file work.txt (compact mmCIF, C-alpha atoms)
# COMPACT_ATOMS: atom_id res chain seq x y z
CA MET M 1 -34.33 33.59 1.46
CA ALA M 2 -30.97 35.05 2.48
CA ALA M 3 -30.31 32.12 4.82
CA ARG M 4 -30.87 29.62 1.99
CA TRP M 5 -28.52 31.60 -0.28
CA ILE M 6 -25.80 31.57 2.42
CA GLU M 7 -26.35 27.86 2.98
CA ARG M 8 -25.94 27.08 -0.74
CA ARG M 9 -22.76 29.20 -0.90
CA PHE M 10 -21.39 27.41 2.13
CA GLU M 11 -22.19 23.97 0.63
CA ARG M 12 -20.40 24.92 -2.60
CA LEU M 13 -17.39 26.15 -0.64
CA ILE M 14 -17.24 22.88 1.30
CA TRP M 15 -17.65 20.94 -1.94
CA LYS M 16 -14.73 22.77 -3.56
CA PHE M 17 -12.62 22.46 -0.42
CA ARG M 18 -12.59 18.65 -0.80
CA LEU M 19 -10.07 19.19 -3.62
CA ILE M 20 -7.40 19.92 -0.97
CA SER M 21 -7.19 16.14 -0.62
CA ILE M 22 -5.42 16.08 -3.98
CA VAL M 23 -2.23 16.98 -2.05
CA PRO M 24 -1.90 13.61 -0.23
CA VAL M 25 -3.00 11.81 -3.41
CA VAL M 26 -0.25 13.37 -5.55
CA LEU M 27 2.41 13.06 -2.85
CA SER M 28 1.61 9.41 -2.15
CA LEU M 29 1.74 8.66 -5.89
CA LEU M 30 5.12 10.40 -6.14
CA GLY M 31 6.30 8.47 -3.08
CA SER M 32 5.10 5.27 -4.74
CA VAL M 33 7.13 6.02 -7.86
CA GLY M 34 10.14 6.79 -5.66
CA CYS M 35 9.80 3.46 -3.84
CA PHE M 36 9.50 1.61 -7.15
CA VAL M 37 12.69 3.29 -8.39
CA ILE M 38 14.57 2.53 -5.16
CA GLY M 39 13.38 -1.09 -5.26
CA ALA M 40 14.45 -1.46 -8.89
CA ILE M 41 17.89 -0.02 -8.08
CA GLU M 42 18.20 -2.39 -5.11
CA VAL M 43 17.37 -5.46 -7.23
CA PHE M 44 19.62 -4.25 -10.06
CA ASN M 45 22.53 -3.78 -7.64
CA ALA M 46 21.99 -7.32 -6.35
CA PHE M 47 22.22 -8.61 -9.92
CA LEU M 48 25.45 -6.65 -10.40
CA VAL M 49 26.90 -8.32 -7.30
CA ILE M 50 25.91 -11.71 -8.73
CA MET M 51 27.59 -10.94 -12.05
CA ARG M 52 30.84 -9.64 -10.53
CA LEU M 53 31.57 -12.04 -7.70
CA PRO M 54 32.06 -15.80 -7.74
CA PHE M 55 29.19 -17.61 -6.10
CA THR M 56 31.39 -19.70 -3.83
CA ALA M 57 30.90 -17.81 -0.60
CA LYS M 58 27.70 -18.64 1.29
CA SER M 59 27.57 -15.16 2.84
CA VAL M 60 27.63 -13.49 -0.60
CA ALA M 61 24.62 -15.52 -1.70
CA ALA M 62 22.69 -14.76 1.49
CA LYS M 63 23.49 -11.05 1.30
CA THR M 64 22.51 -10.90 -2.36
CA ILE M 65 19.20 -12.63 -1.75
CA ALA M 66 18.57 -10.33 1.22
CA GLN M 67 19.26 -7.33 -1.02
CA MET M 68 16.78 -8.62 -3.62
CA VAL M 69 14.14 -9.20 -0.95
CA GLY M 70 14.86 -5.66 0.28
CA GLY M 71 14.03 -4.43 -3.20
CA VAL M 72 10.76 -6.35 -3.06
CA ASP M 73 10.10 -4.67 0.30
CA TYR M 74 10.40 -1.26 -1.39
CA PHE M 75 7.97 -2.44 -4.06
CA VAL M 76 5.45 -3.44 -1.38
CA ILE M 77 5.78 -0.04 0.30
CA GLY M 78 5.27 1.58 -3.11
CA ILE M 79 2.13 -0.48 -3.60
CA ALA M 80 0.86 0.59 -0.17
CA LEU M 81 1.39 4.24 -1.11
CA LEU M 82 -0.33 3.62 -4.44
CA ILE M 83 -3.33 2.03 -2.71
CA PHE M 84 -3.50 4.93 -0.25
CA GLY M 85 -3.39 7.56 -2.97
CA TYR M 86 -5.93 5.74 -5.14
CA GLY M 87 -8.20 5.11 -2.17
CA ILE M 88 -8.21 8.73 -1.04
CA TYR M 89 -8.91 9.81 -4.61
CA GLU M 90 -11.82 7.37 -4.92
CA LEU M 91 -13.26 8.29 -1.52
CA VAL M 92 -12.96 12.05 -1.62
CA ILE M 93 -12.63 13.28 -5.18
CA SER M 94 -13.84 10.80 -7.78
CA ASP M 95 -17.27 9.46 -6.85
CA LEU M 96 -18.59 12.43 -4.89
CA ASP M 97 -20.04 14.40 -7.77
CA PRO M 98 -23.42 15.75 -6.58
CA ARG M 99 -24.67 15.95 -10.17
CA LEU M 100 -24.64 12.14 -10.28
CA GLU M 101 -26.85 11.70 -7.20
CA GLY M 102 -29.91 10.77 -9.22
CA GLY M 103 -28.12 8.56 -11.76
CA LYS M 104 -27.16 4.96 -11.07
CA GLU M 105 -23.97 4.91 -13.09
CA GLN M 106 -21.70 1.96 -12.59
CA HIS M 107 -18.16 2.90 -11.62
CA THR M 108 -15.47 0.31 -11.96
CA ASN M 109 -13.34 0.37 -8.86
CA ILE M 110 -10.12 -1.62 -9.06
CA LEU M 111 -9.54 -1.76 -5.31
CA SER M 112 -13.19 -1.84 -4.19
CA VAL M 113 -12.63 1.27 -2.10
CA ASN M 114 -16.09 2.47 -1.23
CA SER M 115 -15.55 3.38 2.40
CA LEU M 116 -12.77 4.38 4.75
CA GLN M 117 -12.97 0.92 6.32
CA SER M 118 -12.31 -0.84 3.01
CA LEU M 119 -9.33 1.47 2.40
CA LYS M 120 -7.97 0.63 5.85
CA ASN M 121 -8.45 -3.09 5.17
CA ASN M 122 -6.58 -2.87 1.85
CA LEU M 123 -3.75 -0.90 3.43
CA SER M 124 -3.47 -3.19 6.44
CA ASN M 125 -3.23 -6.23 4.15
CA VAL M 126 -0.41 -4.64 2.17
CA ILE M 127 1.38 -3.54 5.34
CA VAL M 128 1.22 -7.07 6.77
CA VAL M 129 2.60 -8.44 3.50
CA GLY M 130 5.41 -5.86 3.73
CA LEU M 131 6.18 -7.00 7.26
CA ILE M 132 6.23 -10.62 6.09
CA VAL M 133 8.72 -9.69 3.37
CA ALA M 134 10.88 -7.76 5.87
CA ALA M 135 10.83 -10.70 8.29
CA PHE M 136 11.75 -13.06 5.45
CA LYS M 137 14.69 -10.79 4.64
CA LYS M 138 15.90 -11.04 8.24
CA THR M 139 15.54 -14.81 8.39
CA ILE M 140 17.64 -15.37 5.26
CA GLY M 141 20.88 -14.54 7.04
CA PHE M 142 19.82 -15.90 10.43
CA GLU M 143 22.29 -18.41 11.84
CA VAL M 144 21.13 -21.05 14.29
CA ASN M 145 23.75 -21.56 17.00
CA ASN M 146 21.70 -23.15 19.77
CA ALA M 147 18.25 -24.46 20.64
CA THR M 148 16.97 -21.01 21.61
CA ASP M 149 17.87 -19.66 18.18
CA LEU M 150 16.08 -22.58 16.54
CA LEU M 151 12.97 -21.97 18.66
CA ALA M 152 13.04 -18.27 17.77
CA LEU M 153 13.31 -19.10 14.07
CA CYS M 154 10.48 -21.63 14.25
CA GLY M 155 8.33 -19.18 16.19
CA SER M 156 8.90 -16.42 13.66
CA VAL M 157 8.03 -18.76 10.77
CA ALA M 158 4.85 -19.82 12.61
CA MET M 159 3.89 -16.16 13.17
CA LEU M 160 4.49 -15.37 9.49
CA ALA M 161 2.32 -18.31 8.46
CA LEU M 162 -0.41 -17.22 10.90
CA SER M 163 -0.39 -13.65 9.60
CA ALA M 164 -0.56 -14.84 5.99
CA TRP M 165 -3.45 -17.14 6.90
CA LEU M 166 -5.27 -14.28 8.64
CA ILE M 167 -4.85 -12.06 5.57
CA VAL M 168 -6.32 -14.74 3.30
CA ARG M 169 -9.12 -15.42 5.78
CA SER M 170 -10.04 -11.74 6.16
CA HIS M 171 -9.91 -11.23 2.41
CA GLY M 172 -12.24 -14.18 1.85
CA ALA M 173 -14.62 -13.00 4.57
CA GLY M 174 -14.88 -9.53 3.01
CA HIS M 175 -16.07 -10.88 -0.35
CA ASP M 176 -18.76 -13.31 0.87

call {"tool": "encode", "arguments": {"input": "work.txt", "output": "structure tokens"}}
result
Amino acid sequence: MAARWIERRFERLIWKFRLISIVPVVLSLLGSVGCFVIGAIEVFNAFLVIMRLPFTAKSVAAKTIAQMVGGVDYFVIGIALLIFGYGIYELVISDLDPRLEGGKEQHTNILSVNSLQSLKNNLSNVIVVGLIVAAFKKTIGFEVNNATDLLALCGSVAMLALSAWLIVRSHGAGHD
């Protein structure tokens, strides 16, 4: 009798302790908002450069476009943090209510996060997209001076296309 009472107390303690995961959820959501703000400032500053300077210099155009793509990169990082925070919330806090064990209630899940593996898949897809955006930002100002530079540029474009294809392929395979 006493052992069962201790076991129930311990289970309740463990159940309440899961709420500690609210810390990474809140911090990742705050980080997401911060990245969105930084990205918006980056894009806004690029527009200010466009409005102030004449668009005659090729380097000004390339730098401005790179700055805008950099803002998009911050947005992608913000989305990754948002997915992480939402995924941890869904996995640990939201759907783990023991009172709902018997009921078959339908929960709408925007990101389809029902396991740690699906959260990792969502995050890895967003991270790869972020890397594609960062690589695109670097290739905007890339100058081809010789055949080796041209081969490097072509190779990087091929790798970007391959990674985008793999993302689409893995996304399609997960929903079959």

call {"tool": "closest_residue", "arguments": {"input": "work.txt", "among": "M:Leu151, M:Leu27, M:Leu91, M:Ile127", "to": "Ile77 in chain M", "atoms": "all atoms listed in the file"}}
result
M:Ile127

call {"tool": "residues_around", "arguments": {"input": "work.txt", "residues": "range 133-150 of chain M", "least_positions_apart": "5", "cutoff": "8 Å", "atoms": "all atoms listed in the file", "output": "PyMOL selection string"}}
result
chain M and resi 59+62-63+65-66+69-70+72-73+160

call {"tool": "axis_aligned_box", "arguments": {"input": "work.txt", "around": "range 130-134 of chain M", "padding_each_side": "8 Å", "output": "JSON"}}
result
{"center_x": 8.1, "center_y": -8.2, "center_z": 5.3, "size_x": 21.5, "size_y": 20.8, "size_z": 19.9}

call {"tool": "closest_residue", "arguments": {"input": "work.txt", "among": "M:Val76, M:Val37, M:Leu81, M:Leu166", "to": "Leu131 in chain M", "atoms": "only C-alpha atoms"}}
result
M:Val76

call {"tool": "atom_distance", "arguments": {"input": "work.txt", "atom1": "CA of Ser170 in chain M", "atom2": "CA of Cys154 in chain M"}}
result
24.2 Å

call {"tool": "residues_around", "arguments": {"input": "work.txt", "residues": "range 48-51 of chain M", "least_positions_apart": "4", "cutoff": "12 Å", "atoms": "only C-alpha atoms", "output": "count of residues only"}}
result
15

call {"tool": "residues_around", "arguments": {"input": "work.txt", "residues": "Ile79 in chain M", "least_positions_apart": "3", "cutoff": "9 Å", "atoms": "all atoms listed in the file", "output": "list in words"}}
result
Ser32, Cys35, Phe36, Tyr74, Phe75, Val76, Leu82, Ile83, Phe84 and Val126 of chain M

call {"tool": "residues_near_point", "arguments": {"input": "work.txt", "point": "(0.2, -12.6, 6.0)", "cutoff": "9 Å", "atoms": "only C-alpha atoms", "output": "list of chain:residue names"}}
result
M:Asn125, M:Val126, M:Val128, M:Val129, M:Gly130, M:Leu131, M:Ile132, M:Met159, M:Leu160, M:Ala161, M:Leu162, M:Ser163, M:Ala164, M:Trp165, M:Leu166, M:Ile167, M:Val168

call {"tool": "atom_distance", "arguments": {"input": "work.txt", "atom1": "CA of Tyr86 in chain M", "atom2": "CA of Ile22 in chain M"}}
result
10.4 Å

call {"tool": "atom_distance", "arguments": {"input": "work.txt", "atom1": "CA of Ile93 in chain M", "atom2": "CA of Ser115 in chain M"}}
result
12.8 Å

call {"tool": "closest_residue", "arguments": {"input": "work.txt", "among": "M:Arg18, M:Ser118, M:Gly78, M:Trp5", "to": "Gly31 in chain M", "atoms": "all atoms listed in the file"}}
result
M:Gly78

call {"tool": "residues_around", "arguments": {"input": "work.txt", "residues": "Leu19 in chain M", "least_positions_apart": "4", "cutoff": "10 Å", "atoms": "only C-alpha atoms", "output": "list in words"}}
result
Ile14, Trp15, Val23, Tyr89, Val92 and Ile93 of chain M

call {"tool": "write_last_selection", "arguments": {"input": "work.txt", "atoms": "C-alpha atoms", "output": "PDB file, in the coordinates of the input"}}
result
ATOM      1  CA  ILE M  14     -17.240  22.880   1.300  1.00  0.00           C
ATOM      2  CA  TRP M  15     -17.650  20.940  -1.940  1.00  0.00           C
ATOM      3  CA  VAL M  23      -2.230  16.980  -2.050  1.00  0.00           C
ATOM      4  CA  TYR M  89      -8.910   9.810  -4.610  1.00  0.00           C
ATOM      5  CA  VAL M  92     -12.960  12.050  -1.620  1.00  0.00           C
ATOM      6  CA  ILE M  93     -12.630  13.280  -5.180  1.00  0.00           C
TER       7      ILE M  93
END
